[in-house]
2 protein chains.
Amino acid sequence: MNGADRLISSLISCGVDTCFANPGTSEMHMVQAIDRSEDFHAILCLFEGVCTGAADGFGRMRGRPASTLLHLGAGLGNGIANLHNCRRAATPLLNIVGDHAIHHVAYDAPLTSDIEAVAKPVSSWIRTSRSSTSMDLDVWDAVQSTLSNHPDSLGNISTLIVPADCAWSESTERSLPPITQNLVAADPAKVEQVAQVIDSDTMILVDGNGLTEEGVKSAGRIAKKTGCRVFTPTFPARVESGPDLPLIHRLPYFPEQIIELLQPVQKLVLCGGAAPVSFFAYPSLPSHLVPDHCAVLQLAHRHEDVATTLQNLADSLGAKDYDPANGTRPEVPTSGETSVRSVATMLATRIPDDAIITGDSGGGGAAFPLMQRAVGHTWLNLTGGSIGDGGPVGVGAAVACPDRPVFALLGDGGAMYTNQFLWTAARENLNLTTVIFSNQQYNILEVEYLRTGVNEIGKRAASLFDLSNPQLDWVKLAEAQGVPAMRASTCEQFIDGLDASNSTDGPFLIEAMV
Amino acid sequence: MNGADRLISSLISCGVDTCFANPGTSEMHMVQAIDRSEDFHAILCLFEGVCTGAADGFGRMRGRPASTLLHLGAGLGNGIANLHNCRRAATPLLNIVGDHAIHHVAYDAPLTSDIEAVAKPVSSWIRTSRSSTSMDLDVWDAVQSTLSNHPDSLGNISTLIVPADCAWSESTERSLPPITQNLVAADPAKVEQVAQVIDSDTMILVDGNGLTEEGVKSAGRIAKKTGCRVFTPTFPARVESGPDLPLIHRLPYFPEQIIELLQPVQKLVLCGGAAPVSFFAYPSLPSHLVPDHCAVLQLAHRHEDVATTLQNLADSLGAKDYDPANGTRPEVPTSGETSVRSVATMLATRIPDDAIITGDSGGGGAAFPLMQRAVGHTWLNLTGGSIGDGGPVGVGAAVACPDRPVFALLGDGGAMYTNQFLWTAARENLNLTTVIFSNQQYNILEVEYLRTGVNEIGKRAASLFDLSNPQLDWVKLAEAQGVPAMRASTCEQFIDGLDASNSTDGPFLIEAMV
């Protein structure tokens, strides 16, 4: 047994049996160890941003980390953007990054780089192994850290760097203690204090495991009893939603909208959510969006046990039940051109119950309020604002939950960054339907450009938002990677696409012209 | 005039007028400034790795930096892998990275990250602007650093981080001193010392500007006079080559091959090149590949004036002339299946004179020794080993040299990482012919896997090298992004493809099945 074998067996014994991989020469001994193990599932991705995004999606659904297998600092670098999103989602994730043998680093061969420095901005735990004999303990520490409490902004990503000689040298078997996860609920005195003041002028901002089914139900009980409003941040990592659950709203995107929404609020209770700040800065708007007249009560941080805290608060209030959203499926638009609105409505009409939805940039977010009332589902948001996340997260969610249909609702601009996710979806025959909201532009940038105060967009500026020259052909881009696809310009075509996707065993892509 | 306007006008006055851009909201004021400037050329890329690779290609051809325009730490992160290659090429390059307004950073909005930390592993100069009024001096320092002498391993990349408020606040015009570049040739005494000992048991290792036309000619004079051998490192950033120039060989890739090659060498003169080390470490092979009996003489570092040093050495030796490679174009294979060998031969047969070739992973490198004897060209190598470089570098070279045909010779696996380069090639109507060596696998990994000592590749390991399930369709992948393309399985088809490419005004792709 060498260090690589010990690494893989330790991962398995720590509950990590899935790996999104793009290995190179320095990882060959780890690939051999994967080859020798029946219980470890390595999935090839053709770009590392797909590996890291998929591991994020897997971790969000399973609550346990997936691993990545990446090739030195450059390979890790390609994964940075989606690790940034993963950090913001606080998803447990373990990067395994191969490095040169320890004695070889000093020779500064072409692929040498400072891997710990590359890992630093996106990792809450980093270690470079120094010996094959302690590989098991390195793995245990790394996995344990992904499930430990870190300050919210640090995330739950561990990066374990494995020099090639630590993989190829001899190691021995040793048993490891179990991995533990201790989520702490808010102190009862704090719960009682909030219970005393909560009323219809209160907003509760819920995030973390407060957005599980149990958490949302408790929040609904509190809302029904007190008349308070319950919101999530604009982009929570994961929300359970549907007609049988209470409605839970999300904060809007633009700071003016949040300021207006918070104007009547006298008390803001932070239960997983953080006090809202503007996504970007603008010359004439504040960063911190809570009005001065509003008291802020910190009940639970996102990394704590928000769900139990909400349940304790509901119990303390004597809140017995909640009002479910109780909507019905909207009418299917049966004719007309596809638009963000009509596509969102059709999705709410036809997406199967218990689906997982991944969002990214683009029009997909418009489906959320409609789906909330129409169909039970899990929604995974783009948390960190780095577009190109929804496709890879969809891959990971589909691997984590093979019995649930997954829908990735993506803007065309965002999906281009990581279009290689389609190949892995085809290879693994994942039940993943991708909907491209194809408007042939970076639409948000046009909006933001006009918000800077100019009235029209000049030729050179427009060229930096425009994706129409040449026009991307998403049907060919999907078919090139083994994913069947069709284009929809009318509602009939889009419904046909959803039907085709439902009857297809494996991935499908619909390019919706909007 | 605001800080953004000052930024753009300062870039222009420092000689930087080309930008490979993927901006976001925090860069909107810079986009406005670009819109207002007639003399600044911003080119949209749909993935930041294309921006950084293209800027590398541009800088290698022009000898002056191009800039990138990237969106915060996540956007810069996507550019890291090709910045790593650029660092290894020592190409001058300037990253402009937008950040939140200075006052907004503390609020830790979703896209906030430690951008300086992301930049550190790939930058020899980093600064975050603190005021719109000193934006011009920040730009001057940044550009000057890209053309200054840094230790070889640091590279010549500057990263200037521009908080949004430094862009949107008022600034004033001010004149800047000129940018200077002082390359220092080796001390005459050192040249004389080498001239005394150089003989037929000597190898000169040339890199940096020693591989320009003038440098190569001087090296050829030295070789003819002394009988010494002249080599480049395995992957030099840029080599001028062709039948009118002396032959200059490149070091092989595997350490065993280099060890064998160096066995008879008694004196190794480093003239731009560094003492050869193994690309990767192997358990039974040394890292440092120079035999103990071989004396190493350091004549010039890569960042110094290697070309003048070689000329001085040639003069000192009284070396009058050189033997040109003097080959002829090989015969065109007129029938049979495409293979790495036949495709390389056809390229050497048909590539127009004065072409620029970019290499990456895959079989393309096989064309180099054939082309050296057949056709004058500039060859740009993958310097840092992070595959996915050749396409973007080709884009940048084509922008830098619109009058020269550019050929990107890419492996299918490598090209997938940054396939978005095709869109920019189409949008800018670049004279870029992409040849995909399509073997549907990470072939080098199969080779390296077998080098670890196993005799066969198990099912799970093979799945991590295999790109055939599903098979990538490069014709569709190109057409999806506006690039006309065809597949070639026979030599006739490949020649037809080259002819079609020659008669196409703009990019073309040939998928060669090998």
# chains A, B, ... in the order shown; residues from 1 in each chain; ligands from 1

call {"tool": "select_by_dssp", "arguments": {"residues": "stretch 372-409 of chain B", "states": "strand (DSSP E or B)", "output": "mmCIF file with C-alpha atoms, in the first residue's frame"}}
result
data_model
loop_
_atom_site.group_PDB
_atom_site.id
_atom_site.type_symbol
_atom_site.label_atom_id
_atom_site.label_comp_id
_atom_site.auth_asym_id
_atom_site.auth_seq_id
_atom_site.Cartn_x
_atom_site.Cartn_y
_atom_site.Cartn_z
ATOM 1 C CA HIS B 377 7.990 30.669 -39.460
ATOM 2 C CA THR B 378 7.691 31.793 -35.869
ATOM 3 C CA TRP B 379 6.885 29.039 -33.377
ATOM 4 C CA LEU B 380 5.205 29.846 -30.048
ATOM 5 C CA VAL B 406 -1.512 31.911 -37.802
ATOM 6 C CA PHE B 407 -1.863 28.175 -37.208
ATOM 7 C CA ALA B 408 -2.820 26.740 -33.827
ATOM 8 C CA LEU B 409 -1.844 23.071 -33.582
#

call {"tool": "select_by_dssp", "arguments": {"residues": "stretch 175-405 of chain B", "states": "helix (DSSP H, G or I)", "output": "ChimeraX atom specification"}}
result
/B:188-197,208-211,213-226,255-262,306-317,340-350,363-374,390-400

call {"tool": "write_last_selection", "arguments": {"atoms": "C-alpha atoms", "output": "PDB file, in the first residue's frame"}}
result
ATOM      1  CA  PRO B 188      32.777  41.152 -22.344  1.00  0.00           C
ATOM      2  CA  ALA B 189      35.123  39.352 -19.934  1.00  0.00           C
ATOM      3  CA  LYS B 190      32.569  36.589 -19.497  1.00  0.00           C
ATOM      4  CA  VAL B 191      32.119  36.350 -23.269  1.00  0.00           C
ATOM      5  CA  GLU B 192      35.870  36.074 -23.685  1.00  0.00           C
ATOM      6  CA  GLN B 193      36.066  33.373 -21.035  1.00  0.00           C
ATOM      7  CA  VAL B 194      33.458  31.288 -22.878  1.00  0.00           C
ATOM      8  CA  ALA B 195      35.149  31.943 -26.230  1.00  0.00           C
ATOM      9  CA  GLN B 196      38.339  30.412 -24.831  1.00  0.00           C
ATOM     10  CA  VAL B 197      36.768  27.063 -23.975  1.00  0.00           C
ATOM     11  CA  GLY B 208      14.889  34.552 -24.615  1.00  0.00           C
ATOM     12  CA  ASN B 209      15.775  37.016 -27.366  1.00  0.00           C
ATOM     13  CA  GLY B 210      18.556  34.658 -28.400  1.00  0.00           C
ATOM     14  CA  LEU B 211      15.827  32.908 -30.413  1.00  0.00           C
ATOM     15  CA  GLU B 213      16.315  35.815 -36.147  1.00  0.00           C
ATOM     16  CA  GLU B 214      19.473  37.736 -35.222  1.00  0.00           C
ATOM     17  CA  GLY B 215      20.102  35.546 -32.202  1.00  0.00           C
ATOM     18  CA  VAL B 216      19.663  32.322 -34.114  1.00  0.00           C
ATOM     19  CA  LYS B 217      22.019  33.538 -36.858  1.00  0.00           C
ATOM     20  CA  SER B 218      24.719  34.367 -34.291  1.00  0.00           C
ATOM     21  CA  ALA B 219      24.261  30.965 -32.670  1.00  0.00           C
ATOM     22  CA  GLY B 220      24.656  29.376 -36.106  1.00  0.00           C
ATOM     23  CA  ARG B 221      27.905  31.256 -36.687  1.00  0.00           C
ATOM     24  CA  ILE B 222      29.227  30.012 -33.358  1.00  0.00           C
ATOM     25  CA  ALA B 223      28.229  26.440 -34.170  1.00  0.00           C
ATOM     26  CA  LYS B 224      29.845  26.490 -37.607  1.00  0.00           C
ATOM     27  CA  LYS B 225      33.078  27.924 -36.240  1.00  0.00           C
ATOM     28  CA  THR B 226      33.456  25.726 -33.156  1.00  0.00           C
ATOM     29  CA  PRO B 255      14.432  13.064 -18.640  1.00  0.00           C
ATOM     30  CA  GLU B 256      15.990   9.827 -19.916  1.00  0.00           C
ATOM     31  CA  GLN B 257      16.262  11.415 -23.372  1.00  0.00           C
ATOM     32  CA  ILE B 258      17.898  14.556 -22.020  1.00  0.00           C
ATOM     33  CA  ILE B 259      20.323  12.544 -19.896  1.00  0.00           C
ATOM     34  CA  GLU B 260      21.348  10.542 -22.962  1.00  0.00           C
ATOM     35  CA  LEU B 261      21.727  13.671 -25.072  1.00  0.00           C
ATOM     36  CA  LEU B 262      23.924  15.379 -22.468  1.00  0.00           C
ATOM     37  CA  VAL B 306      20.945  37.130 -25.128  1.00  0.00           C
ATOM     38  CA  ALA B 307      20.965  38.078 -28.827  1.00  0.00           C
ATOM     39  CA  THR B 308      23.697  40.686 -28.407  1.00  0.00           C
ATOM     40  CA  THR B 309      25.629  38.349 -26.135  1.00  0.00           C
ATOM     41  CA  LEU B 310      25.573  35.660 -28.849  1.00  0.00           C
ATOM     42  CA  GLN B 311      26.639  38.196 -31.461  1.00  0.00           C
ATOM     43  CA  ASN B 312      29.539  39.338 -29.272  1.00  0.00           C
ATOM     44  CA  LEU B 313      30.574  35.742 -28.732  1.00  0.00           C
ATOM     45  CA  ALA B 314      30.428  35.028 -32.473  1.00  0.00           C
ATOM     46  CA  ASP B 315      32.472  38.143 -33.192  1.00  0.00           C
ATOM     47  CA  SER B 316      34.978  37.268 -30.509  1.00  0.00           C
ATOM     48  CA  LEU B 317      35.403  33.831 -32.121  1.00  0.00           C
ATOM     49  CA  VAL B 340       0.321  12.672 -36.324  1.00  0.00           C
ATOM     50  CA  ARG B 341       3.166  12.029 -38.762  1.00  0.00           C
ATOM     51  CA  SER B 342       1.225  12.596 -41.972  1.00  0.00           C
ATOM     52  CA  VAL B 343      -0.524  15.705 -40.648  1.00  0.00           C
ATOM     53  CA  ALA B 344       2.790  17.168 -39.481  1.00  0.00           C
ATOM     54  CA  THR B 345       4.269  16.454 -42.923  1.00  0.00           C
ATOM     55  CA  MET B 346       1.338  18.062 -44.708  1.00  0.00           C
ATOM     56  CA  LEU B 347       1.649  21.125 -42.513  1.00  0.00           C
ATOM     57  CA  ALA B 348       5.346  21.417 -43.365  1.00  0.00           C
ATOM     58  CA  THR B 349       4.372  21.038 -47.013  1.00  0.00           C
ATOM     59  CA  ARG B 350       1.611  23.563 -47.183  1.00  0.00           C
ATOM     60  CA  GLY B 363       0.687  15.993 -31.799  1.00  0.00           C
ATOM     61  CA  GLY B 364       1.375  19.477 -33.154  1.00  0.00           C
ATOM     62  CA  GLY B 365       4.932  19.545 -31.852  1.00  0.00           C
ATOM     63  CA  ALA B 366       5.861  16.860 -34.393  1.00  0.00           C
ATOM     64  CA  ALA B 367       5.593  19.495 -37.119  1.00  0.00           C
ATOM     65  CA  PHE B 368       8.442  21.604 -35.696  1.00  0.00           C
ATOM     66  CA  PRO B 369      11.506  19.672 -36.918  1.00  0.00           C
ATOM     67  CA  LEU B 370       9.889  19.207 -40.328  1.00  0.00           C
ATOM     68  CA  MET B 371       8.924  22.859 -40.671  1.00  0.00           C
ATOM     69  CA  GLN B 372      12.335  24.070 -39.572  1.00  0.00           C
ATOM     70  CA  ARG B 373      13.848  22.746 -42.775  1.00  0.00           C
ATOM     71  CA  ALA B 374      10.881  23.582 -44.982  1.00  0.00           C
ATOM     72  CA  GLY B 390      -2.343  27.364 -27.895  1.00  0.00           C
ATOM     73  CA  GLY B 391      -5.765  28.545 -29.095  1.00  0.00           C
ATOM     74  CA  PRO B 392      -5.825  31.766 -27.052  1.00  0.00           C
ATOM     75  CA  VAL B 393      -2.148  32.471 -27.857  1.00  0.00           C
ATOM     76  CA  GLY B 394      -3.085  32.052 -31.526  1.00  0.00           C
ATOM     77  CA  VAL B 395      -5.863  34.626 -31.121  1.00  0.00           C
ATOM     78  CA  GLY B 396      -3.438  37.121 -29.610  1.00  0.00           C
ATOM     79  CA  ALA B 397      -0.764  36.482 -32.243  1.00  0.00           C
ATOM     80  CA  ALA B 398      -3.317  36.997 -35.008  1.00  0.00           C
ATOM     81  CA  VAL B 399      -4.427  40.294 -33.455  1.00  0.00           C
ATOM     82  CA  ALA B 400      -0.800  41.383 -33.088  1.00  0.00           C
TER      83      ALA B 400
END

call {"tool": "residues_around", "arguments": {"residues": "A:Arg238", "least_positions_apart": "2", "cutoff": "12 Å", "atoms": "only C-alpha atoms", "output": "MDAnalysis selection string"}}
result
chainID A and resid 56:63 86 88:91 206:213 215:216 232:236 240:241 250 356:359 377:383 393 397

call {"tool": "write_last_selection", "arguments": {"atoms": "N, CA and C atoms", "output": "compact mmCIF listing (two decimals), in the first residue's frame"}}
result
# COMPACT_ATOMS: atom_id res chain seq x y z
N ASP A 56 -19.33 21.33 -5.67
CA ASP A 56 -20.20 22.23 -4.90
C ASP A 56 -21.65 21.73 -4.94
N GLY A 57 -22.15 21.43 -6.16
CA GLY A 57 -23.53 20.95 -6.29
C GLY A 57 -23.76 19.66 -5.52
N PHE A 58 -22.77 18.77 -5.58
CA PHE A 58 -22.86 17.49 -4.85
C PHE A 58 -22.95 17.76 -3.35
N GLY A 59 -22.06 18.60 -2.86
CA GLY A 59 -22.03 18.88 -1.43
C GLY A 59 -23.29 19.58 -0.93
N ARG A 60 -23.84 20.48 -1.76
CA ARG A 60 -25.08 21.15 -1.34
C ARG A 60 -26.23 20.17 -1.17
N MET A 61 -26.24 19.14 -2.05
CA MET A 61 -27.35 18.17 -1.97
C MET A 61 -27.10 17.12 -0.91
N ARG A 62 -25.86 16.68 -0.74
CA ARG A 62 -25.59 15.59 0.19
C ARG A 62 -25.28 16.07 1.60
N GLY A 63 -24.82 17.31 1.72
CA GLY A 63 -24.41 17.79 3.04
C GLY A 63 -23.08 17.20 3.49
N CYS A 86 -18.50 28.43 -4.29
CA CYS A 86 -18.65 27.37 -3.27
C CYS A 86 -18.35 27.90 -1.88
N ARG A 88 -18.80 30.93 -0.92
CA ARG A 88 -19.95 31.77 -0.55
C ARG A 88 -21.16 30.90 -0.20
N ALA A 89 -21.23 29.71 -0.76
CA ALA A 89 -22.33 28.79 -0.42
C ALA A 89 -22.05 28.04 0.88
N ALA A 90 -20.83 28.11 1.37
CA ALA A 90 -20.40 27.36 2.56
C ALA A 90 -20.56 25.87 2.38
N THR A 91 -20.43 25.41 1.15
CA THR A 91 -20.53 23.98 0.87
C THR A 91 -19.27 23.26 1.32
N VAL A 206 -33.54 34.45 6.77
CA VAL A 206 -33.19 33.04 7.01
C VAL A 206 -32.21 32.56 5.95
N ASP A 207 -31.21 31.81 6.39
CA ASP A 207 -30.27 31.19 5.45
C ASP A 207 -29.71 29.92 6.10
N GLY A 208 -28.77 29.29 5.44
CA GLY A 208 -28.15 28.08 5.97
C GLY A 208 -29.17 26.96 6.06
N ASN A 209 -29.07 26.12 7.10
CA ASN A 209 -30.02 25.00 7.18
C ASN A 209 -31.40 25.44 7.64
N GLY A 210 -31.58 26.75 7.82
CA GLY A 210 -32.93 27.28 8.03
C GLY A 210 -33.77 27.20 6.76
N LEU A 211 -33.16 26.89 5.63
CA LEU A 211 -33.90 26.81 4.37
C LEU A 211 -34.15 25.36 3.95
N THR A 212 -33.87 24.42 4.86
CA THR A 212 -34.33 23.05 4.66
C THR A 212 -35.84 23.00 4.87
N GLU A 213 -36.44 21.89 4.53
CA GLU A 213 -37.90 21.75 4.68
C GLU A 213 -38.32 22.04 6.12
N GLY A 215 -36.73 23.77 8.42
CA GLY A 215 -36.49 25.17 8.75
C GLY A 215 -37.57 26.07 8.19
N VAL A 216 -37.90 25.85 6.91
CA VAL A 216 -38.92 26.67 6.25
C VAL A 216 -40.27 26.52 6.95
N THR A 232 -35.31 35.28 2.46
CA THR A 232 -33.96 34.73 2.32
C THR A 232 -33.09 35.85 1.74
N PRO A 233 -31.77 35.71 1.85
CA PRO A 233 -30.91 36.61 1.08
C PRO A 233 -31.23 36.49 -0.41
N THR A 234 -30.67 37.35 -1.21
CA THR A 234 -30.94 37.34 -2.66
C THR A 234 -30.51 36.01 -3.28
N PHE A 235 -29.38 35.48 -2.83
CA PHE A 235 -28.84 34.27 -3.45
C PHE A 235 -28.44 33.23 -2.41
N PRO A 236 -29.39 32.63 -1.71
CA PRO A 236 -29.03 31.57 -0.75
C PRO A 236 -28.55 30.32 -1.50
N GLU A 240 -35.52 24.91 -0.01
CA GLU A 240 -36.61 23.96 -0.27
C GLU A 240 -37.89 24.77 -0.41
N SER A 241 -38.66 24.48 -1.42
CA SER A 241 -39.81 25.33 -1.70
C SER A 241 -40.90 24.53 -2.40
N ARG A 250 -37.48 36.03 -1.41
CA ARG A 250 -36.05 36.35 -1.44
C ARG A 250 -35.89 37.86 -1.59
N ILE A 356 -34.68 19.31 -8.86
CA ILE A 356 -33.64 20.21 -8.36
C ILE A 356 -33.38 21.24 -9.45
N ILE A 357 -33.38 22.51 -9.07
CA ILE A 357 -33.16 23.58 -10.05
C ILE A 357 -31.85 24.27 -9.69
N THR A 358 -30.97 24.44 -10.69
CA THR A 358 -29.78 25.26 -10.45
C THR A 358 -29.89 26.54 -11.26
N GLY A 359 -29.60 27.65 -10.61
CA GLY A 359 -29.65 28.93 -11.30
C GLY A 359 -28.26 29.42 -11.58
N HIS A 377 -39.77 21.66 -4.97
CA HIS A 377 -38.46 21.56 -5.60
C HIS A 377 -37.38 22.07 -4.66
N THR A 378 -36.14 21.80 -5.02
CA THR A 378 -34.97 22.36 -4.34
C THR A 378 -34.31 23.34 -5.30
N TRP A 379 -34.05 24.55 -4.83
CA TRP A 379 -33.43 25.56 -5.72
C TRP A 379 -32.02 25.84 -5.22
N LEU A 380 -31.05 25.72 -6.13
CA LEU A 380 -29.65 26.02 -5.82
C LEU A 380 -29.23 27.27 -6.58
N ASN A 381 -28.87 28.32 -5.85
CA ASN A 381 -28.53 29.60 -6.47
C ASN A 381 -27.03 29.74 -6.76
N LEU A 382 -26.75 30.66 -7.66
CA LEU A 382 -25.38 31.18 -7.84
C LEU A 382 -25.10 32.08 -6.64
N THR A 383 -24.23 31.66 -5.75
CA THR A 383 -24.05 32.38 -4.48
C THR A 383 -23.02 33.49 -4.55
N VAL A 393 -22.83 22.94 -11.22
CA VAL A 393 -23.59 22.59 -10.00
C VAL A 393 -24.69 21.59 -10.35
N ALA A 397 -25.26 17.98 -8.65
CA ALA A 397 -26.55 17.65 -8.02
C ALA A 397 -27.12 16.37 -8.62

call {"tool": "residues_around", "arguments": {"residues": "B:Ser148", "least_positions_apart": "2", "cutoff": "10 Å", "atoms": "only C-alpha atoms", "output": "PyMOL selection string"}}
result
chain B and resi 92+143-146+150-151+155-156+179-183+303

call {"tool": "atom_distance", "arguments": {"atom1": "atom CA of B:Gly273", "atom2": "atom CA of B:Gly384"}}
result
14.6 Å

call {"tool": "residues_around", "arguments": {"residues": "stretch 422-433 of chain A", "least_positions_apart": "2", "cutoff": "9 Å", "atoms": "only C-alpha atoms", "output": "tab-separated table (two decimals) with N, CA and C atoms, in the first residue's frame"}}
result
chain	number	residue	atom	x	y	z
A	43	ILE	N	-15.09	10.90	-11.55
A	43	ILE	CA	-15.82	11.35	-12.73
A	43	ILE	C	-14.96	12.39	-13.46
A	44	LEU	N	-14.68	12.11	-14.73
A	44	LEU	CA	-13.81	13.01	-15.49
A	44	LEU	C	-14.57	14.25	-15.95
A	45	CYS	N	-13.97	15.41	-15.76
A	45	CYS	CA	-14.49	16.68	-16.31
A	45	CYS	C	-13.38	17.27	-17.18
A	46	LEU	N	-13.75	17.94	-18.25
A	46	LEU	CA	-12.75	18.41	-19.22
A	46	LEU	C	-12.25	19.82	-18.94
A	50	VAL	N	-15.51	22.91	-14.01
A	50	VAL	CA	-16.61	21.94	-13.94
A	50	VAL	C	-16.42	21.04	-12.72
A	391	GLY	N	-24.36	25.23	-14.54
A	391	GLY	CA	-24.20	23.98	-15.26
A	391	GLY	C	-23.43	22.95	-14.45
A	392	PRO	N	-22.21	23.31	-14.01
A	392	PRO	CA	-21.45	22.38	-13.17
A	392	PRO	C	-22.18	21.99	-11.87
A	394	GLY	N	-25.29	21.77	-11.52
A	394	GLY	CA	-26.31	20.81	-11.96
A	394	GLY	C	-25.73	19.41	-12.14
A	395	VAL	N	-24.53	19.34	-12.70
A	395	VAL	CA	-23.86	18.03	-12.86
A	395	VAL	C	-23.68	17.38	-11.49
A	398	ALA	N	-26.95	16.22	-9.94
A	398	ALA	CA	-27.48	15.03	-10.60
A	398	ALA	C	-26.71	13.78	-10.19
A	399	VAL	N	-25.40	13.93	-9.96
A	399	VAL	CA	-24.61	12.79	-9.48
A	399	VAL	C	-25.03	12.45	-8.04
A	402	PRO	N	-29.35	10.77	-8.07
A	402	PRO	CA	-29.66	10.20	-9.38
A	402	PRO	C	-31.15	9.95	-9.59
A	403	ASP	N	-31.95	9.94	-8.52
A	403	ASP	CA	-33.38	9.68	-8.69
A	403	ASP	C	-34.21	10.94	-8.87
A	404	ARG	N	-33.57	12.10	-8.86
A	404	ARG	CA	-34.33	13.34	-9.01
A	404	ARG	C	-33.97	14.02	-10.33
A	405	PRO	N	-34.96	14.57	-11.04
A	405	PRO	CA	-34.63	15.34	-12.24
A	405	PRO	C	-33.97	16.66	-11.87
A	406	VAL	N	-32.98	17.05	-12.65
A	406	VAL	CA	-32.27	18.30	-12.39
A	406	VAL	C	-32.44	19.22	-13.61
A	407	PHE	N	-32.71	20.48	-13.34
A	407	PHE	CA	-32.84	21.49	-14.39
A	407	PHE	C	-31.84	22.61	-14.12
A	408	ALA	N	-30.99	22.89	-15.09
A	408	ALA	CA	-30.05	24.02	-14.99
A	408	ALA	C	-30.60	25.14	-15.86
A	409	LEU	N	-30.94	26.27	-15.24
A	409	LEU	CA	-31.50	27.41	-15.96
A	409	LEU	C	-30.41	28.48	-16.10
A	418	THR	N	-18.21	27.70	-18.77
A	418	THR	CA	-18.00	26.31	-18.34
A	418	THR	C	-18.80	25.35	-19.21
A	419	ASN	N	-18.86	25.63	-20.52
A	419	ASN	CA	-19.71	24.80	-21.39
A	419	ASN	C	-19.31	23.33	-21.39
A	420	GLN	N	-18.11	23.03	-20.88
A	420	GLN	CA	-17.63	21.64	-20.85
A	420	GLN	C	-18.44	20.75	-19.91
A	435	VAL	N	-31.59	24.52	-19.69
A	435	VAL	CA	-32.33	25.52	-20.45
A	435	VAL	C	-31.44	26.75	-20.58
A	477	LEU	N	-23.43	23.30	-29.92
A	477	LEU	CA	-22.49	23.23	-28.80
A	477	LEU	C	-22.81	22.03	-27.90
A	478	ALA	N	-24.10	21.74	-27.75
A	478	ALA	CA	-24.52	20.57	-26.95
A	478	ALA	C	-24.25	19.29	-27.71
A	480	ALA	N	-22.17	18.72	-30.01
A	480	ALA	CA	-20.73	18.49	-30.13
A	480	ALA	C	-20.19	17.73	-28.92
A	481	GLN	N	-20.90	17.84	-27.79
A	481	GLN	CA	-20.43	17.19	-26.56
A	481	GLN	C	-21.35	16.03	-26.16
A	482	GLY	N	-22.17	15.57	-27.11
A	482	GLY	CA	-22.96	14.37	-26.87
A	482	GLY	C	-24.30	14.58	-26.19
A	483	VAL	N	-24.75	15.81	-26.11
A	483	VAL	CA	-26.04	16.09	-25.46
A	483	VAL	C	-27.07	16.43	-26.54
A	484	PRO	N	-28.15	15.65	-26.64
A	484	PRO	CA	-29.20	16.00	-27.61
A	484	PRO	C	-29.82	17.35	-27.24
A	498	LEU	N	-39.43	20.31	-23.58
A	498	LEU	CA	-39.57	19.73	-22.23
A	498	LEU	C	-40.07	18.30	-22.32
A	501	SER	N	-37.23	16.19	-23.43
A	501	SER	CA	-36.30	16.00	-22.32
A	501	SER	C	-36.83	14.97	-21.34
A	502	ASN	N	-38.13	15.04	-21.03
A	502	ASN	CA	-38.72	14.08	-20.09
A	502	ASN	C	-38.65	12.65	-20.61
A	504	THR	N	-36.33	11.54	-22.57
A	504	THR	CA	-34.94	11.17	-22.86
A	504	THR	C	-34.28	10.64	-21.59
A	505	ASP	N	-33.64	9.51	-21.72
A	505	ASP	CA	-32.90	8.95	-20.59
A	505	ASP	C	-31.50	9.54	-20.61
A	506	GLY	N	-31.31	10.63	-19.90
A	506	GLY	CA	-30.01	11.30	-19.92
A	506	GLY	C	-30.22	12.78	-20.14
A	507	PRO	N	-29.12	13.50	-20.44
A	507	PRO	CA	-29.21	14.96	-20.51
A	507	PRO	C	-29.91	15.44	-21.78
A	508	PHE	N	-30.37	16.66	-21.71
A	508	PHE	CA	-31.02	17.31	-22.84
A	508	PHE	C	-30.79	18.81	-22.69
A	509	LEU	N	-30.75	19.51	-23.81
A	509	LEU	CA	-30.60	20.97	-23.75
A	509	LEU	C	-31.64	21.64	-24.63
A	510	ILE	N	-32.26	22.67	-24.07
A	510	ILE	CA	-33.18	23.50	-24.86
A	510	ILE	C	-32.61	24.91	-24.91
B	469	ASN	N	-16.03	8.98	-25.11
B	469	ASN	CA	-17.38	8.61	-24.69
B	469	ASN	C	-18.01	9.74	-23.88
B	470	PRO	N	-18.76	10.66	-24.48
B	470	PRO	CA	-19.05	10.73	-25.92
B	470	PRO	C	-17.87	11.33	-26.68
B	471	GLN	N	-17.85	11.07	-27.98
B	471	GLN	CA	-16.79	11.65	-28.81
B	471	GLN	C	-17.06	13.13	-29.03
B	472	LEU	N	-16.04	13.94	-28.84
B	472	LEU	CA	-16.17	15.37	-29.12
B	472	LEU	C	-16.26	15.58	-30.63
